[in-house]
Amino acid sequence: MKKIILPLLLFALQINAQDISVATLGLKPPAQINYTPVKDQYMSSTCWSFSSNALLESELMKNGIGKNDLSEMFVARYSMLRKIKMHLQLNGKNFFTPGGQFHDVVWVLKNYGMVPESVYSGKGRGESNYDHSEMDTTLTRLVNQYVTNGVQKLSAAQQNEIDSLLDYYYGKPPAAFFYKGKSYTPVSFLKDYLKINPDNFIEITSYTHHPFYKSFILEDKYNWTGDAYLNVPLADFEFITDNALKNGYTVGWDGDAEDAYFNYYSGLAYLPDSIKANQQQRQLAFENQTTLLNHMMHIVGLVYDKWGNKWYYIKNSWGSTNSLGGFLYMRADYFKIRTVAIIVNKKTISSAIRKKSGI
């Protein structure tokens, strides 16, 4: 889940030829939305922690707690330690990756709490931008060596070796800190200040190879923990998303950002008319892997173009380097086919769907 910006010259020409642009579509950002400023994951595979924290930050605004900047690297550091331990327990049989999902953030919240960005930037070497290439390579080589040597559980010396590396690259996480005049631990900050209940959120998908209104373990390499997602029909999948946005909530987005018609620089993602945005096509795209889970973002609004087509207004984590200051518009057809999963607050789901799903 690295930051990938493809040189889509051919597709940019196609877009220009069709005269499709934000201006010609008449697209404008929603008037009232809860979101914090765009960040830049730079050269790190941490879109999942950026988008997940962005969702939590919007939730805090919705709850009247104001704008808060949460530490993405606090989450990434503790999740990486968990990944290492699990990879060893499984004898190297699962996908070892710096990527992740929203449920990885939930696990960190429940086990370690949360801290503000101001007390833990995750830039252990004092760097200006995140660049995890050296760290990822170093950790992968070390973990592969452990696997080769049959290590399934870290010894005290090996644990110290891993901790030292994580502290060097991320920085040592605080045991306690001051924030807005009060003293907190990461656990008390989550409980007493943020007042976030991680269990309020749910990951949802829509595929026909499992029963609807039941949960199943999503078959994706980035779901390295084997977590379950609620499965609903595509119509409900779209309705849940729209209902959350219309009620002032925001939505986490998991999906494919490497499609030819995902153009970050022009700020548009849509599909050609030849692709039908229905349940059958969505399933086919999943099975033949033309839809892959390779990025996470944050849906903060819903708008319509001058022809009445629906577009989602989405906050990315690639900095403010495109024509929309880091945002983009995703048309409903792209959303239906290229979105693998969404994350919402459970209370935004209608009572009828919750009853069918047992939540």
# chains A, B, ... in the order shown; residues from 1 in each chain; ligands from 1
$ residues_around --residues "range 109-114 of chain A" --least-positions-apart "2" --cutoff "6 Å" --atoms "only C-alpha atoms" --output "NGL selection string"
:A and (106-107 or 186-187 or 190)
$ residues_around --residues "Ala176 in chain A" --least-positions-apart "3" --cutoff "12 Å" --atoms "only C-alpha atoms" --output "list in words"
Gly113, Met114, Val115, Pro116, Val119, Tyr120, Lys172, Pro173, Tyr179, Lys182, Ser183, Tyr184, Thr185, Pro186, Val187, Ser188 and Phe189 of chain A
$ residues_around --residues "range 152-166 of chain A" --least-positions-apart "2" --cutoff "12 Å" --atoms "only C-alpha atoms" --output "count of residues only"
48
$ residues_around --residues "Phe335 in chain A" --least-positions-apart "5" --cutoff "9 Å" --atoms "only C-alpha atoms" --output "PDB file with N, CA and C atoms, in the first residue's frame"
ATOM      1  N   GLU A 238     -23.900   0.855  -1.113  1.00  0.00           N
ATOM      2  CA  GLU A 238     -23.957   2.250  -1.547  1.00  0.00           C
ATOM      3  C   GLU A 238     -24.837   3.078  -0.609  1.00  0.00           C
ATOM      4  N   GLY A 255      -9.683   0.301  -1.432  1.00  0.00           N
ATOM      5  CA  GLY A 255      -9.944  -0.084  -2.808  1.00  0.00           C
ATOM      6  C   GLY A 255      -8.758   0.035  -3.728  1.00  0.00           C
ATOM      7  N   ALA A 269     -11.773  10.096 -10.587  1.00  0.00           N
ATOM      8  CA  ALA A 269     -11.757   8.641 -10.719  1.00  0.00           C
ATOM      9  C   ALA A 269     -13.135   8.214 -11.202  1.00  0.00           C
ATOM     10  N   TYR A 270     -13.185   7.557 -12.351  1.00  0.00           N
ATOM     11  CA  TYR A 270     -14.453   7.120 -12.926  1.00  0.00           C
ATOM     12  C   TYR A 270     -14.159   5.968 -13.871  1.00  0.00           C
ATOM     13  N   ALA A 277     -21.739  -0.917 -13.825  1.00  0.00           N
ATOM     14  CA  ALA A 277     -21.522  -0.869 -12.380  1.00  0.00           C
ATOM     15  C   ALA A 277     -22.628  -1.625 -11.653  1.00  0.00           C
ATOM     16  N   TRP A 311     -20.894  11.908  -7.294  1.00  0.00           N
ATOM     17  CA  TRP A 311     -19.455  11.800  -7.080  1.00  0.00           C
ATOM     18  C   TRP A 311     -19.162  11.888  -5.581  1.00  0.00           C
ATOM     19  N   TYR A 312     -18.207  11.088  -5.124  1.00  0.00           N
ATOM     20  CA  TYR A 312     -17.762  11.149  -3.733  1.00  0.00           C
ATOM     21  C   TYR A 312     -16.533  12.048  -3.647  1.00  0.00           C
ATOM     22  N   MET A 330     -14.661  10.935  -6.931  1.00  0.00           N
ATOM     23  CA  MET A 330     -14.825   9.570  -7.433  1.00  0.00           C
ATOM     24  C   MET A 330     -16.282   9.355  -7.822  1.00  0.00           C
ATOM     25  N   VAL A 340     -13.251  -1.946  -2.444  1.00  0.00           N
ATOM     26  CA  VAL A 340     -13.285  -3.285  -1.850  1.00  0.00           C
ATOM     27  C   VAL A 340     -14.101  -3.273  -0.563  1.00  0.00           C
TER      28      VAL A 340
END
$ select_by_dssp --residues "range 181-330 of chain A" --states "helix (DSSP H, G or I)" --output "number ranges by chain"
A: 186-194, 198-200, 234-246, 279-287
$ closest_atom_pairs --of "range 206-256 of chain A" --to "range 31-51 of chain A" --cutoff "8 Å" --atoms "only C-alpha atoms" --output "Markdown table"
| residue | atom | partner | partner_atom | distance |
| --- | --- | --- | --- | --- |
| A:Gly248 | CA | A:Ile33 | CA | 6.9 |
| A:Tyr249 | CA | A:Asn34 | CA | 7.5 |
| A:Thr250 | CA | A:Asn34 | CA | 7.5 |
| A:Gly252 | CA | A:Ser51 | CA | 6.7 |
| A:Trp253 | CA | A:Ser51 | CA | 7.9 |
$ select_by_dssp --residues "range 67-302 of chain A" --states "strand (DSSP E)" --output "PyMOL selection string"
chain A and resi 177-179+182-184+201-205+214-217+228-231+251-255+262-263+268-269+295-302
$ write_last_selection --atoms "N, CA and C atoms" --output "short mmCIF file (atom, residue, chain, number, x, y, z; two decimals), in the first residue's frame"
data_model
loop_
_atom_site.label_atom_id
_atom_site.label_comp_id
_atom_site.auth_asym_id
_atom_site.auth_seq_id
_atom_site.Cartn_x
_atom_site.Cartn_y
_atom_site.Cartn_z
N PHE A 177 2.43 12.02 28.68
CA PHE A 177 2.64 13.29 27.99
C PHE A 177 1.60 14.31 28.45
N PHE A 178 1.88 15.59 28.16
CA PHE A 178 0.94 16.66 28.44
C PHE A 178 0.27 17.07 27.13
N TYR A 179 -1.03 17.30 27.21
CA TYR A 179 -1.78 17.76 26.04
C TYR A 179 -2.87 18.70 26.52
N LYS A 182 -3.10 19.04 30.37
CA LYS A 182 -3.36 17.88 31.23
C LYS A 182 -2.40 16.75 30.90
N SER A 183 -2.16 15.92 31.89
CA SER A 183 -1.26 14.78 31.73
C SER A 183 -2.05 13.53 31.34
N TYR A 184 -1.52 12.79 30.36
CA TYR A 184 -2.18 11.57 29.89
C TYR A 184 -1.16 10.47 29.65
N PHE A 201 -17.12 1.05 15.18
CA PHE A 201 -16.90 1.05 13.75
C PHE A 201 -16.96 -0.37 13.18
N ILE A 202 -17.29 -0.44 11.90
CA ILE A 202 -17.40 -1.75 11.24
C ILE A 202 -16.90 -1.65 9.81
N GLU A 203 -16.24 -2.71 9.36
CA GLU A 203 -15.76 -2.82 7.98
C GLU A 203 -16.80 -3.62 7.18
N ILE A 204 -17.16 -3.10 6.02
CA ILE A 204 -18.24 -3.69 5.22
C ILE A 204 -17.79 -3.88 3.78
N THR A 205 -18.20 -4.99 3.19
CA THR A 205 -17.92 -5.24 1.78
C THR A 205 -19.17 -5.79 1.09
N LYS A 214 -24.05 -11.53 6.49
CA LYS A 214 -23.17 -12.32 7.34
C LYS A 214 -21.76 -11.75 7.23
N SER A 215 -20.92 -12.10 8.17
CA SER A 215 -19.52 -11.67 8.11
C SER A 215 -18.65 -12.79 7.58
N PHE A 216 -17.60 -12.42 6.87
CA PHE A 216 -16.65 -13.41 6.38
C PHE A 216 -15.24 -12.80 6.35
N ILE A 217 -14.25 -13.67 6.36
CA ILE A 217 -12.86 -13.22 6.33
C ILE A 217 -12.51 -12.84 4.89
N ALA A 228 -12.82 -10.31 9.93
CA ALA A 228 -14.06 -10.50 9.19
C ALA A 228 -14.70 -9.17 8.81
N TYR A 229 -15.36 -9.15 7.65
CA TYR A 229 -16.07 -7.99 7.13
C TYR A 229 -17.54 -8.35 6.97
N LEU A 230 -18.42 -7.42 7.28
CA LEU A 230 -19.84 -7.63 7.04
C LEU A 230 -20.09 -7.58 5.53
N ASN A 231 -20.86 -8.53 5.02
CA ASN A 231 -21.15 -8.62 3.60
C ASN A 231 -22.61 -8.23 3.34
N VAL A 251 -16.56 8.40 5.89
CA VAL A 251 -16.47 6.97 5.60
C VAL A 251 -15.05 6.61 5.19
N GLY A 252 -14.54 5.52 5.74
CA GLY A 252 -13.24 5.01 5.30
C GLY A 252 -13.39 4.25 4.00
N TRP A 253 -12.39 4.35 3.14
CA TRP A 253 -12.44 3.72 1.80
C TRP A 253 -11.24 2.81 1.61
N ASP A 254 -11.49 1.54 1.26
CA ASP A 254 -10.46 0.57 0.86
C ASP A 254 -10.71 0.22 -0.60
N GLY A 255 -9.68 0.30 -1.43
CA GLY A 255 -9.94 -0.08 -2.81
C GLY A 255 -8.76 0.04 -3.73
N PHE A 262 -8.18 6.13 -12.59
CA PHE A 262 -7.94 6.84 -11.33
C PHE A 262 -6.82 7.83 -11.62
N ASN A 263 -7.17 9.10 -11.75
CA ASN A 263 -6.17 10.11 -12.11
C ASN A 263 -6.03 11.11 -10.97
N LEU A 268 -9.82 13.10 -10.55
CA LEU A 268 -11.01 12.36 -10.95
C LEU A 268 -10.76 10.86 -10.99
N ALA A 269 -11.77 10.10 -10.59
CA ALA A 269 -11.76 8.64 -10.72
C ALA A 269 -13.14 8.21 -11.20
N HIS A 295 -4.95 0.59 -1.74
CA HIS A 295 -4.89 1.93 -1.17
C HIS A 295 -6.08 2.13 -0.24
N MET A 296 -5.90 3.06 0.71
CA MET A 296 -6.99 3.47 1.60
C MET A 296 -7.08 4.99 1.60
N MET A 297 -8.30 5.49 1.60
CA MET A 297 -8.54 6.94 1.63
C MET A 297 -9.73 7.23 2.53
N HIS A 298 -10.19 8.48 2.50
CA HIS A 298 -11.20 8.94 3.44
C HIS A 298 -12.28 9.72 2.69
N ILE A 299 -13.49 9.17 2.62
CA ILE A 299 -14.60 9.84 1.95
C ILE A 299 -15.22 10.86 2.91
N VAL A 300 -15.23 12.12 2.49
CA VAL A 300 -15.72 13.16 3.40
C VAL A 300 -16.97 13.87 2.89
N GLY A 301 -17.41 13.56 1.68
CA GLY A 301 -18.59 14.24 1.18
C GLY A 301 -19.18 13.61 -0.07
N LEU A 302 -20.32 14.13 -0.46
CA LEU A 302 -21.07 13.62 -1.60
C LEU A 302 -21.60 14.81 -2.40
#
$ closest_residue --among "A:Pro30, A:Asp227, A:Lys191, A:Val22" --to "Asp104 in chain A" --atoms "only C-alpha atoms"
A:Asp227
$ atom_distance --atom1 "CA of Gly267 in chain A" --atom2 "CA of Ala54 in chain A"
19.1 Å
$ atom_distance --atom1 "CA of Leu55 in chain A" --atom2 "CA of Arg282 in chain A"
25.1 Å
$ closest_residue --among "A:Leu271, A:Ile349, A:Ile359, A:Leu284" --to "Ala244 in chain A" --atoms "only C-alpha atoms"
A:Ile349
$ atom_distance --atom1 "CA of Leu293 in chain A" --atom2 "CA of Lys347 in chain A"
25.7 Å
$ decode --residues "range 96-111 of chain A" --atoms "N, CA and C atoms" --output "PDB file, in the first residue's frame"
ATOM      1  N   PHE A  96       3.897 -10.657   4.892  1.00  0.00           N
ATOM      2  CA  PHE A  96       4.548  -9.708   5.783  1.00  0.00           C
ATOM      3  C   PHE A  96       4.675  -8.375   5.061  1.00  0.00           C
ATOM      4  N   THR A  97       3.980  -7.367   5.554  1.00  0.00           N
ATOM      5  CA  THR A  97       3.856  -6.116   4.829  1.00  0.00           C
ATOM      6  C   THR A  97       3.731  -4.935   5.784  1.00  0.00           C
ATOM      7  N   PRO A  98       4.234  -3.768   5.398  1.00  0.00           N
ATOM      8  CA  PRO A  98       3.979  -2.562   6.196  1.00  0.00           C
ATOM      9  C   PRO A  98       2.571  -2.015   5.972  1.00  0.00           C
ATOM     10  N   GLY A  99       1.849  -2.595   5.009  1.00  0.00           N
ATOM     11  CA  GLY A  99       0.469  -2.185   4.763  1.00  0.00           C
ATOM     12  C   GLY A  99      -0.459  -2.709   5.839  1.00  0.00           C
ATOM     13  N   GLY A 100      -1.710  -2.266   5.791  1.00  0.00           N
ATOM     14  CA  GLY A 100      -2.656  -2.710   6.804  1.00  0.00           C
ATOM     15  C   GLY A 100      -4.066  -2.299   6.477  1.00  0.00           C
ATOM     16  N   GLN A 101      -4.944  -2.415   7.471  1.00  0.00           N
ATOM     17  CA  GLN A 101      -6.361  -2.116   7.328  1.00  0.00           C
ATOM     18  C   GLN A 101      -6.858  -1.382   8.574  1.00  0.00           C
ATOM     19  N   PHE A 102      -8.108  -0.964   8.544  1.00  0.00           N
ATOM     20  CA  PHE A 102      -8.664  -0.233   9.678  1.00  0.00           C
ATOM     21  C   PHE A 102      -8.643  -1.081  10.941  1.00  0.00           C
ATOM     22  N   HIS A 103      -8.894  -2.382  10.822  1.00  0.00           N
ATOM     23  CA  HIS A 103      -8.913  -3.214  12.023  1.00  0.00           C
ATOM     24  C   HIS A 103      -7.548  -3.293  12.704  1.00  0.00           C
ATOM     25  N   ASP A 104      -6.475  -3.014  11.971  1.00  0.00           N
ATOM     26  CA  ASP A 104      -5.153  -2.949  12.601  1.00  0.00           C
ATOM     27  C   ASP A 104      -5.066  -1.742  13.528  1.00  0.00           C
ATOM     28  N   VAL A 105      -5.694  -0.640  13.122  1.00  0.00           N
ATOM     29  CA  VAL A 105      -5.743   0.546  13.977  1.00  0.00           C
ATOM     30  C   VAL A 105      -6.589   0.257  15.218  1.00  0.00           C
ATOM     31  N   VAL A 106      -7.709  -0.422  15.024  1.00  0.00           N
ATOM     32  CA  VAL A 106      -8.569  -0.783  16.152  1.00  0.00           C
ATOM     33  C   VAL A 106      -7.790  -1.604  17.178  1.00  0.00           C
ATOM     34  N   TRP A 107      -6.982  -2.544  16.690  1.00  0.00           N
ATOM     35  CA  TRP A 107      -6.186  -3.383  17.607  1.00  0.00           C
ATOM     36  C   TRP A 107      -5.217  -2.538  18.418  1.00  0.00           C
ATOM     37  N   VAL A 108      -4.565  -1.580  17.781  1.00  0.00           N
ATOM     38  CA  VAL A 108      -3.632  -0.702  18.496  1.00  0.00           C
ATOM     39  C   VAL A 108      -4.389   0.139  19.521  1.00  0.00           C
ATOM     40  N   LEU A 109      -5.532   0.686  19.140  1.00  0.00           N
ATOM     41  CA  LEU A 109      -6.328   1.471  20.078  1.00  0.00           C
ATOM     42  C   LEU A 109      -6.674   0.664  21.322  1.00  0.00           C
ATOM     43  N   LYS A 110      -7.101  -0.562  21.114  1.00  0.00           N
ATOM     44  CA  LYS A 110      -7.523  -1.393  22.241  1.00  0.00           C
ATOM     45  C   LYS A 110      -6.359  -1.835  23.126  1.00  0.00           C
ATOM     46  N   ASN A 111      -5.195  -1.988  22.531  1.00  0.00           N
ATOM     47  CA  ASN A 111      -4.055  -2.525  23.286  1.00  0.00           C
ATOM     48  C   ASN A 111      -3.050  -1.479  23.755  1.00  0.00           C
TER      49      ASN A 111
END
